[in-house]
Amino acid sequence: MAMDFLFPVRVYYEDTDFSGVVYHAAYLKFFERGRTEALRACGVSHTELLARDEPLAFAVRKMTTEWLIPARIDNLLEVRTAFVSVKGARMTLNQEIWRDEDLIARAEVEAACMSLSGRARRLPPDILEKF
């Protein structure tokens, strides 16, 4: 799968369990950082969304994650993010985390654009065109 956005992540002590292996929940943070930086690379920032007349935010609606091999303390990882589709209020992304030539984990993510009241909102045309 061709990936559009690459984001490096270093594994710190706080990301690991007592054995130096990355704790499963830390991967969710790595994926989140990758998605945020992919949005930023498209010219969409969370700050900009919140500053609109009707403030907007993205919320993960569904995420399917597969962990393949463990990452360890001090590893330099790369989060690869691809936008599969962006339409209406939803976007679908594929993400992978690599360590050199090793695929560590992957996720399929569905996120929704939401008003701050929690209601789904279509992506405004000026934001949609950035994708």
# chains A, B, ... in the order shown; residues from 1 in each chain; ligands from 1

call {"tool": "select_by_dssp", "arguments": {"residues": "chain A", "states": "alpha helix (DSSP H)", "output": "short mmCIF file (atom, residue, chain, number, x, y, z; two decimals) with C-alpha atoms, in the first residue's frame"}}
result
data_model
loop_
_atom_site.label_atom_id
_atom_site.label_comp_id
_atom_site.auth_asym_id
_atom_site.auth_seq_id
_atom_site.Cartn_x
_atom_site.Cartn_y
_atom_site.Cartn_z
CA HIS A 24 -0.53 -1.64 23.19
CA ALA A 25 -2.26 1.66 24.04
CA ALA A 26 0.88 3.63 23.08
CA TYR A 27 0.39 2.59 19.46
CA LEU A 28 -2.95 4.41 19.48
CA LYS A 29 -1.10 7.60 20.45
CA PHE A 30 1.43 7.01 17.66
CA PHE A 31 -1.40 6.54 15.14
CA GLU A 32 -3.09 9.72 16.44
CA ARG A 33 0.09 11.75 15.99
CA GLY A 34 0.42 10.39 12.45
CA ARG A 35 -3.16 11.38 11.60
CA THR A 36 -2.71 14.85 13.08
CA GLU A 37 0.48 15.45 11.10
CA ALA A 38 -1.16 14.11 7.91
CA LEU A 39 -4.00 16.61 8.39
CA ARG A 40 -1.47 19.37 9.05
CA ALA A 41 0.39 18.44 5.83
CA CYS A 42 -2.92 18.91 3.96
CA HIS A 46 -7.26 21.30 14.78
CA THR A 47 -6.85 24.92 15.88
CA GLU A 48 -8.32 26.16 12.59
CA LEU A 49 -11.28 23.79 12.90
CA LEU A 50 -12.01 24.95 16.45
CA PRO A 125 -16.07 22.76 1.12
CA ASP A 126 -12.98 24.86 1.92
CA ILE A 127 -11.64 22.06 4.16
CA LEU A 128 -12.72 19.24 1.83
#

call {"tool": "residues_around", "arguments": {"residues": "Ala105 (chain A)", "least_positions_apart": "2", "cutoff": "12 Å", "atoms": "only C-alpha atoms", "output": "mmCIF file with N, CA and C atoms, in the first residue's frame"}}
result
data_model
loop_
_atom_site.group_PDB
_atom_site.id
_atom_site.type_symbol
_atom_site.label_atom_id
_atom_site.label_comp_id
_atom_site.auth_asym_id
_atom_site.auth_seq_id
_atom_site.Cartn_x
_atom_site.Cartn_y
_atom_site.Cartn_z
ATOM 1 N N VAL A 22 6.738 -1.897 23.836
ATOM 2 C CA VAL A 22 5.713 -0.867 23.734
ATOM 3 C C VAL A 22 4.364 -1.440 24.152
ATOM 4 N N HIS A 24 0.387 -1.724 24.333
ATOM 5 C CA HIS A 24 -0.528 -1.644 23.192
ATOM 6 C C HIS A 24 -1.214 -0.281 23.045
ATOM 7 N N ALA A 25 -1.568 0.369 24.127
ATOM 8 C CA ALA A 25 -2.259 1.656 24.037
ATOM 9 C C ALA A 25 -1.358 2.762 23.477
ATOM 10 N N ALA A 26 -0.048 2.619 23.615
ATOM 11 C CA ALA A 26 0.878 3.634 23.083
ATOM 12 C C ALA A 26 0.795 3.699 21.561
ATOM 13 N N TYR A 27 0.521 2.580 20.915
ATOM 14 C CA TYR A 27 0.394 2.588 19.457
ATOM 15 C C TYR A 27 -0.756 3.493 19.025
ATOM 16 N N LEU A 28 -1.828 3.538 19.825
ATOM 17 C CA LEU A 28 -2.953 4.411 19.483
ATOM 18 C C LEU A 28 -2.520 5.874 19.482
ATOM 19 N N PHE A 30 0.580 6.853 18.849
ATOM 20 C CA PHE A 30 1.430 7.011 17.662
ATOM 21 C C PHE A 30 0.566 7.209 16.411
ATOM 22 N N PHE A 31 -0.497 6.388 16.279
ATOM 23 C CA PHE A 31 -1.398 6.540 15.142
ATOM 24 C C PHE A 31 -2.045 7.930 15.157
ATOM 25 N N THR A 64 -9.800 -0.429 13.495
ATOM 26 C CA THR A 64 -9.416 -1.833 13.527
ATOM 27 C C THR A 64 -7.900 -1.867 13.523
ATOM 28 N N THR A 65 -7.321 -2.461 14.552
ATOM 29 C CA THR A 65 -5.872 -2.443 14.727
ATOM 30 C C THR A 65 -5.333 -3.856 14.797
ATOM 31 N N GLU A 66 -4.176 -4.045 14.174
ATOM 32 C CA GLU A 66 -3.486 -5.334 14.221
ATOM 33 C C GLU A 66 -2.038 -5.084 14.626
ATOM 34 N N TRP A 67 -1.620 -5.763 15.682
ATOM 35 C CA TRP A 67 -0.242 -5.679 16.142
ATOM 36 C C TRP A 67 0.486 -6.913 15.635
ATOM 37 N N LEU A 68 1.613 -6.712 14.942
ATOM 38 C CA LEU A 68 2.292 -7.822 14.281
ATOM 39 C C LEU A 68 3.546 -8.277 15.018
ATOM 40 N N ILE A 69 4.418 -7.334 15.344
ATOM 41 C CA ILE A 69 5.620 -7.645 16.115
ATOM 42 C C ILE A 69 5.866 -6.493 17.093
ATOM 43 N N PRO A 70 6.523 -6.754 18.202
ATOM 44 C CA PRO A 70 6.675 -5.689 19.202
ATOM 45 C C PRO A 70 7.725 -4.646 18.824
ATOM 46 N N ALA A 71 7.433 -3.425 19.205
ATOM 47 C CA ALA A 71 8.441 -2.366 19.178
ATOM 48 C C ALA A 71 8.993 -2.259 20.593
ATOM 49 N N LEU A 77 10.547 4.651 15.024
ATOM 50 C CA LEU A 77 9.463 4.120 14.221
ATOM 51 C C LEU A 77 9.019 5.162 13.203
ATOM 52 N N GLU A 78 8.278 4.713 12.207
ATOM 53 C CA GLU A 78 7.716 5.613 11.216
ATOM 54 C C GLU A 78 6.240 5.287 11.070
ATOM 55 N N VAL A 79 5.404 6.284 11.303
ATOM 56 C CA VAL A 79 3.962 6.136 11.117
ATOM 57 C C VAL A 79 3.647 6.595 9.696
ATOM 58 N N ARG A 80 3.043 5.711 8.929
ATOM 59 C CA ARG A 80 2.671 6.004 7.549
ATOM 60 C C ARG A 80 1.153 6.081 7.478
ATOM 61 N N ASN A 94 -5.822 4.547 6.220
ATOM 62 C CA ASN A 94 -5.026 3.366 6.539
ATOM 63 C C ASN A 94 -3.718 3.860 7.123
ATOM 64 N N GLN A 95 -3.297 3.210 8.210
ATOM 65 C CA GLN A 95 -2.049 3.597 8.860
ATOM 66 C C GLN A 95 -1.209 2.363 9.137
ATOM 67 N N GLU A 96 0.082 2.564 9.056
ATOM 68 C CA GLU A 96 1.039 1.508 9.385
ATOM 69 C C GLU A 96 2.161 2.101 10.215
ATOM 70 N N ILE A 97 2.713 1.290 11.100
ATOM 71 C CA ILE A 97 3.894 1.683 11.867
ATOM 72 C C ILE A 97 5.009 0.722 11.488
ATOM 73 N N TRP A 98 6.123 1.285 11.059
ATOM 74 C CA TRP A 98 7.285 0.507 10.608
ATOM 75 C C TRP A 98 8.491 0.799 11.475
ATOM 76 N N ARG A 99 9.354 -0.184 11.617
ATOM 77 C CA ARG A 99 10.701 -0.036 12.177
ATOM 78 C C ARG A 99 11.623 -0.581 11.102
ATOM 79 N N ASP A 102 10.576 -3.629 9.021
ATOM 80 C CA ASP A 102 9.596 -4.451 9.727
ATOM 81 C C ASP A 102 8.293 -3.692 9.946
ATOM 82 N N LEU A 103 7.200 -4.289 9.487
ATOM 83 C CA LEU A 103 5.873 -3.749 9.764
ATOM 84 C C LEU A 103 5.493 -4.164 11.176
ATOM 85 N N ALA A 107 -3.509 -0.129 11.108
ATOM 86 C CA ALA A 107 -4.853 0.217 11.539
ATOM 87 C C ALA A 107 -5.648 0.774 10.373
ATOM 88 N N GLU A 108 -6.926 0.462 10.378
ATOM 89 C CA GLU A 108 -7.877 1.120 9.492
ATOM 90 C C GLU A 108 -8.742 1.983 10.394
#

call {"tool": "atom_distance", "arguments": {"atom1": "CA of Arg106 (chain A)", "atom2": "CA of Phe58 (chain A)"}}
result
20.1 Å

call {"tool": "atom_distance", "arguments": {"atom1": "CA of Phe5 (chain A)", "atom2": "CA of Val60 (chain A)"}}
result
18.5 Å

call {"tool": "decode", "arguments": {"residues": "region 82-127 of chain A", "atoms": "N, CA and C atoms", "output": "PDB file, in the first residue's frame"}}
result
ATOM      1  N   ALA A  82      -2.306   7.060   5.046  1.00  0.00           N
ATOM      2  CA  ALA A  82      -2.903   7.284   3.725  1.00  0.00           C
ATOM      3  C   ALA A  82      -4.384   7.581   3.894  1.00  0.00           C
ATOM      4  N   PHE A  83      -4.859   8.627   3.229  1.00  0.00           N
ATOM      5  CA  PHE A  83      -6.287   8.911   3.188  1.00  0.00           C
ATOM      6  C   PHE A  83      -6.901   8.027   2.111  1.00  0.00           C
ATOM      7  N   VAL A  84      -7.826   7.172   2.501  1.00  0.00           N
ATOM      8  CA  VAL A  84      -8.479   6.273   1.560  1.00  0.00           C
ATOM      9  C   VAL A  84      -9.687   6.966   0.940  1.00  0.00           C
ATOM     10  N   SER A  85     -10.495   7.606   1.782  1.00  0.00           N
ATOM     11  CA  SER A  85     -11.634   8.366   1.270  1.00  0.00           C
ATOM     12  C   SER A  85     -11.969   9.490   2.251  1.00  0.00           C
ATOM     13  N   VAL A  86     -12.443  10.587   1.679  1.00  0.00           N
ATOM     14  CA  VAL A  86     -12.894  11.734   2.459  1.00  0.00           C
ATOM     15  C   VAL A  86     -14.166  12.226   1.780  1.00  0.00           C
ATOM     16  N   LYS A  87     -15.301  12.022   2.455  1.00  0.00           N
ATOM     17  CA  LYS A  87     -16.578  12.473   1.870  1.00  0.00           C
ATOM     18  C   LYS A  87     -17.600  12.666   2.972  1.00  0.00           C
ATOM     19  N   GLY A  88     -18.495  13.601   2.733  1.00  0.00           N
ATOM     20  CA  GLY A  88     -19.511  13.895   3.736  1.00  0.00           C
ATOM     21  C   GLY A  88     -18.861  14.317   5.035  1.00  0.00           C
ATOM     22  N   ALA A  89     -19.228  13.639   6.119  1.00  0.00           N
ATOM     23  CA  ALA A  89     -18.652  13.924   7.429  1.00  0.00           C
ATOM     24  C   ALA A  89     -17.536  12.947   7.787  1.00  0.00           C
ATOM     25  N   ARG A  90     -17.281  11.949   6.922  1.00  0.00           N
ATOM     26  CA  ARG A  90     -16.355  10.870   7.288  1.00  0.00           C
ATOM     27  C   ARG A  90     -15.084  10.861   6.454  1.00  0.00           C
ATOM     28  N   MET A  91     -14.057  10.355   7.098  1.00  0.00           N
ATOM     29  CA  MET A  91     -12.824  10.055   6.380  1.00  0.00           C
ATOM     30  C   MET A  91     -12.343   8.685   6.830  1.00  0.00           C
ATOM     31  N   THR A  92     -11.786   7.959   5.876  1.00  0.00           N
ATOM     32  CA  THR A  92     -11.205   6.652   6.164  1.00  0.00           C
ATOM     33  C   THR A  92      -9.727   6.733   5.858  1.00  0.00           C
ATOM     34  N   LEU A  93      -8.919   6.222   6.788  1.00  0.00           N
ATOM     35  CA  LEU A  93      -7.465   6.240   6.630  1.00  0.00           C
ATOM     36  C   LEU A  93      -6.905   4.852   6.893  1.00  0.00           C
ATOM     37  N   ASN A  94      -5.822   4.547   6.220  1.00  0.00           N
ATOM     38  CA  ASN A  94      -5.026   3.366   6.539  1.00  0.00           C
ATOM     39  C   ASN A  94      -3.718   3.860   7.123  1.00  0.00           C
ATOM     40  N   GLN A  95      -3.297   3.210   8.210  1.00  0.00           N
ATOM     41  CA  GLN A  95      -2.049   3.597   8.860  1.00  0.00           C
ATOM     42  C   GLN A  95      -1.209   2.363   9.137  1.00  0.00           C
ATOM     43  N   GLU A  96       0.082   2.564   9.056  1.00  0.00           N
ATOM     44  CA  GLU A  96       1.039   1.508   9.385  1.00  0.00           C
ATOM     45  C   GLU A  96       2.161   2.101  10.215  1.00  0.00           C
ATOM     46  N   ILE A  97       2.713   1.290  11.100  1.00  0.00           N
ATOM     47  CA  ILE A  97       3.894   1.683  11.867  1.00  0.00           C
ATOM     48  C   ILE A  97       5.009   0.722  11.488  1.00  0.00           C
ATOM     49  N   TRP A  98       6.123   1.285  11.059  1.00  0.00           N
ATOM     50  CA  TRP A  98       7.285   0.507  10.608  1.00  0.00           C
ATOM     51  C   TRP A  98       8.491   0.799  11.475  1.00  0.00           C
ATOM     52  N   ARG A  99       9.354  -0.184  11.617  1.00  0.00           N
ATOM     53  CA  ARG A  99      10.701  -0.036  12.177  1.00  0.00           C
ATOM     54  C   ARG A  99      11.623  -0.581  11.102  1.00  0.00           C
ATOM     55  N   ASP A 100      12.315   0.293  10.430  1.00  0.00           N
ATOM     56  CA  ASP A 100      13.160  -0.086   9.292  1.00  0.00           C
ATOM     57  C   ASP A 100      12.319  -0.880   8.291  1.00  0.00           C
ATOM     58  N   GLU A 101      12.644  -2.144   8.068  1.00  0.00           N
ATOM     59  CA  GLU A 101      11.925  -2.970   7.100  1.00  0.00           C
ATOM     60  C   GLU A 101      10.817  -3.805   7.726  1.00  0.00           C
ATOM     61  N   ASP A 102      10.576  -3.629   9.021  1.00  0.00           N
ATOM     62  CA  ASP A 102       9.596  -4.451   9.727  1.00  0.00           C
ATOM     63  C   ASP A 102       8.293  -3.692   9.946  1.00  0.00           C
ATOM     64  N   LEU A 103       7.200  -4.289   9.487  1.00  0.00           N
ATOM     65  CA  LEU A 103       5.873  -3.749   9.764  1.00  0.00           C
ATOM     66  C   LEU A 103       5.493  -4.164  11.176  1.00  0.00           C
ATOM     67  N   ILE A 104       5.281  -3.174  12.036  1.00  0.00           N
ATOM     68  CA  ILE A 104       5.017  -3.403  13.458  1.00  0.00           C
ATOM     69  C   ILE A 104       3.515  -3.523  13.732  1.00  0.00           C
ATOM     70  N   ALA A 105       2.744  -2.595  13.194  1.00  0.00           N
ATOM     71  CA  ALA A 105       1.303  -2.553  13.450  1.00  0.00           C
ATOM     72  C   ALA A 105       0.623  -1.827  12.303  1.00  0.00           C
ATOM     73  N   ARG A 106      -0.671  -2.106  12.162  1.00  0.00           N
ATOM     74  CA  ARG A 106      -1.453  -1.392  11.147  1.00  0.00           C
ATOM     75  C   ARG A 106      -2.853  -1.162  11.675  1.00  0.00           C
ATOM     76  N   ALA A 107      -3.509  -0.129  11.108  1.00  0.00           N
ATOM     77  CA  ALA A 107      -4.853   0.217  11.539  1.00  0.00           C
ATOM     78  C   ALA A 107      -5.648   0.774  10.373  1.00  0.00           C
ATOM     79  N   GLU A 108      -6.926   0.462  10.378  1.00  0.00           N
ATOM     80  CA  GLU A 108      -7.877   1.120   9.492  1.00  0.00           C
ATOM     81  C   GLU A 108      -8.742   1.983  10.394  1.00  0.00           C
ATOM     82  N   VAL A 109      -8.832   3.255  10.054  1.00  0.00           N
ATOM     83  CA  VAL A 109      -9.473   4.228  10.931  1.00  0.00           C
ATOM     84  C   VAL A 109     -10.597   4.940  10.184  1.00  0.00           C
ATOM     85  N   GLU A 110     -11.744   5.045  10.833  1.00  0.00           N
ATOM     86  CA  GLU A 110     -12.830   5.876  10.331  1.00  0.00           C
ATOM     87  C   GLU A 110     -13.027   7.004  11.331  1.00  0.00           C
ATOM     88  N   ALA A 111     -12.905   8.226  10.849  1.00  0.00           N
ATOM     89  CA  ALA A 111     -13.088   9.403  11.699  1.00  0.00           C
ATOM     90  C   ALA A 111     -14.246  10.220  11.152  1.00  0.00           C
ATOM     91  N   ALA A 112     -14.912  10.922  12.049  1.00  0.00           N
ATOM     92  CA  ALA A 112     -16.042  11.755  11.657  1.00  0.00           C
ATOM     93  C   ALA A 112     -15.784  13.194  12.065  1.00  0.00           C
ATOM     94  N   CYS A 113     -16.238  14.102  11.227  1.00  0.00           N
ATOM     95  CA  CYS A 113     -16.201  15.526  11.547  1.00  0.00           C
ATOM     96  C   CYS A 113     -17.425  15.807  12.418  1.00  0.00           C
ATOM     97  N   MET A 114     -17.204  16.472  13.554  1.00  0.00           N
ATOM     98  CA  MET A 114     -18.264  16.682  14.535  1.00  0.00           C
ATOM     99  C   MET A 114     -18.326  18.146  14.959  1.00  0.00           C
ATOM    100  N   SER A 115     -19.533  18.585  15.290  1.00  0.00           N
ATOM    101  CA  SER A 115     -19.664  19.864  15.988  1.00  0.00           C
ATOM    102  C   SER A 115     -19.305  19.602  17.447  1.00  0.00           C
ATOM    103  N   LEU A 116     -19.089  20.653  18.189  1.00  0.00           N
ATOM    104  CA  LEU A 116     -18.738  20.469  19.596  1.00  0.00           C
ATOM    105  C   LEU A 116     -19.895  19.939  20.427  1.00  0.00           C
ATOM    106  N   SER A 117     -21.108  19.966  19.855  1.00  0.00           N
ATOM    107  CA  SER A 117     -22.255  19.375  20.543  1.00  0.00           C
ATOM    108  C   SER A 117     -22.290  17.854  20.354  1.00  0.00           C
ATOM    109  N   GLY A 118     -21.390  17.337  19.495  1.00  0.00           N
ATOM    110  CA  GLY A 118     -21.325  15.892  19.272  1.00  0.00           C
ATOM    111  C   GLY A 118     -22.093  15.410  18.060  1.00  0.00           C
ATOM    112  N   ARG A 119     -22.616  16.307  17.268  1.00  0.00           N
ATOM    113  CA  ARG A 119     -23.346  15.919  16.060  1.00  0.00           C
ATOM    114  C   ARG A 119     -22.404  15.882  14.858  1.00  0.00           C
ATOM    115  N   ALA A 120     -22.574  14.863  14.016  1.00  0.00           N
ATOM    116  CA  ALA A 120     -21.777  14.763  12.791  1.00  0.00           C
ATOM    117  C   ALA A 120     -22.090  15.955  11.884  1.00  0.00           C
ATOM    118  N   ARG A 121     -21.047  16.483  11.249  1.00  0.00           N
ATOM    119  CA  ARG A 121     -21.186  17.611  10.326  1.00  0.00           C
ATOM    120  C   ARG A 121     -20.381  17.321   9.062  1.00  0.00           C
ATOM    121  N   ARG A 122     -20.976  17.636   7.936  1.00  0.00           N
ATOM    122  CA  ARG A 122     -20.243  17.495   6.674  1.00  0.00           C
ATOM    123  C   ARG A 122     -18.997  18.385   6.739  1.00  0.00           C
ATOM    124  N   LEU A 123     -17.937  17.900   6.123  1.00  0.00           N
ATOM    125  CA  LEU A 123     -16.741  18.738   6.021  1.00  0.00           C
ATOM    126  C   LEU A 123     -17.071  19.952   5.166  1.00  0.00           C
ATOM    127  N   PRO A 124     -16.761  21.142   5.630  1.00  0.00           N
ATOM    128  CA  PRO A 124     -17.008  22.344   4.827  1.00  0.00           C
ATOM    129  C   PRO A 124     -16.211  22.268   3.511  1.00  0.00           C
ATOM    130  N   PRO A 125     -16.752  22.836   2.423  1.00  0.00           N
ATOM    131  CA  PRO A 125     -16.072  22.758   1.118  1.00  0.00           C
ATOM    132  C   PRO A 125     -14.625  23.247   1.142  1.00  0.00           C
ATOM    133  N   ASP A 126     -14.340  24.326   1.893  1.00  0.00           N
ATOM    134  CA  ASP A 126     -12.982  24.859   1.918  1.00  0.00           C
ATOM    135  C   ASP A 126     -12.009  23.884   2.597  1.00  0.00           C
ATOM    136  N   ILE A 127     -12.493  23.077   3.520  1.00  0.00           N
ATOM    137  CA  ILE A 127     -11.642  22.057   4.156  1.00  0.00           C
ATOM    138  C   ILE A 127     -11.559  20.834   3.251  1.00  0.00           C
TER     139      ILE A 127
END
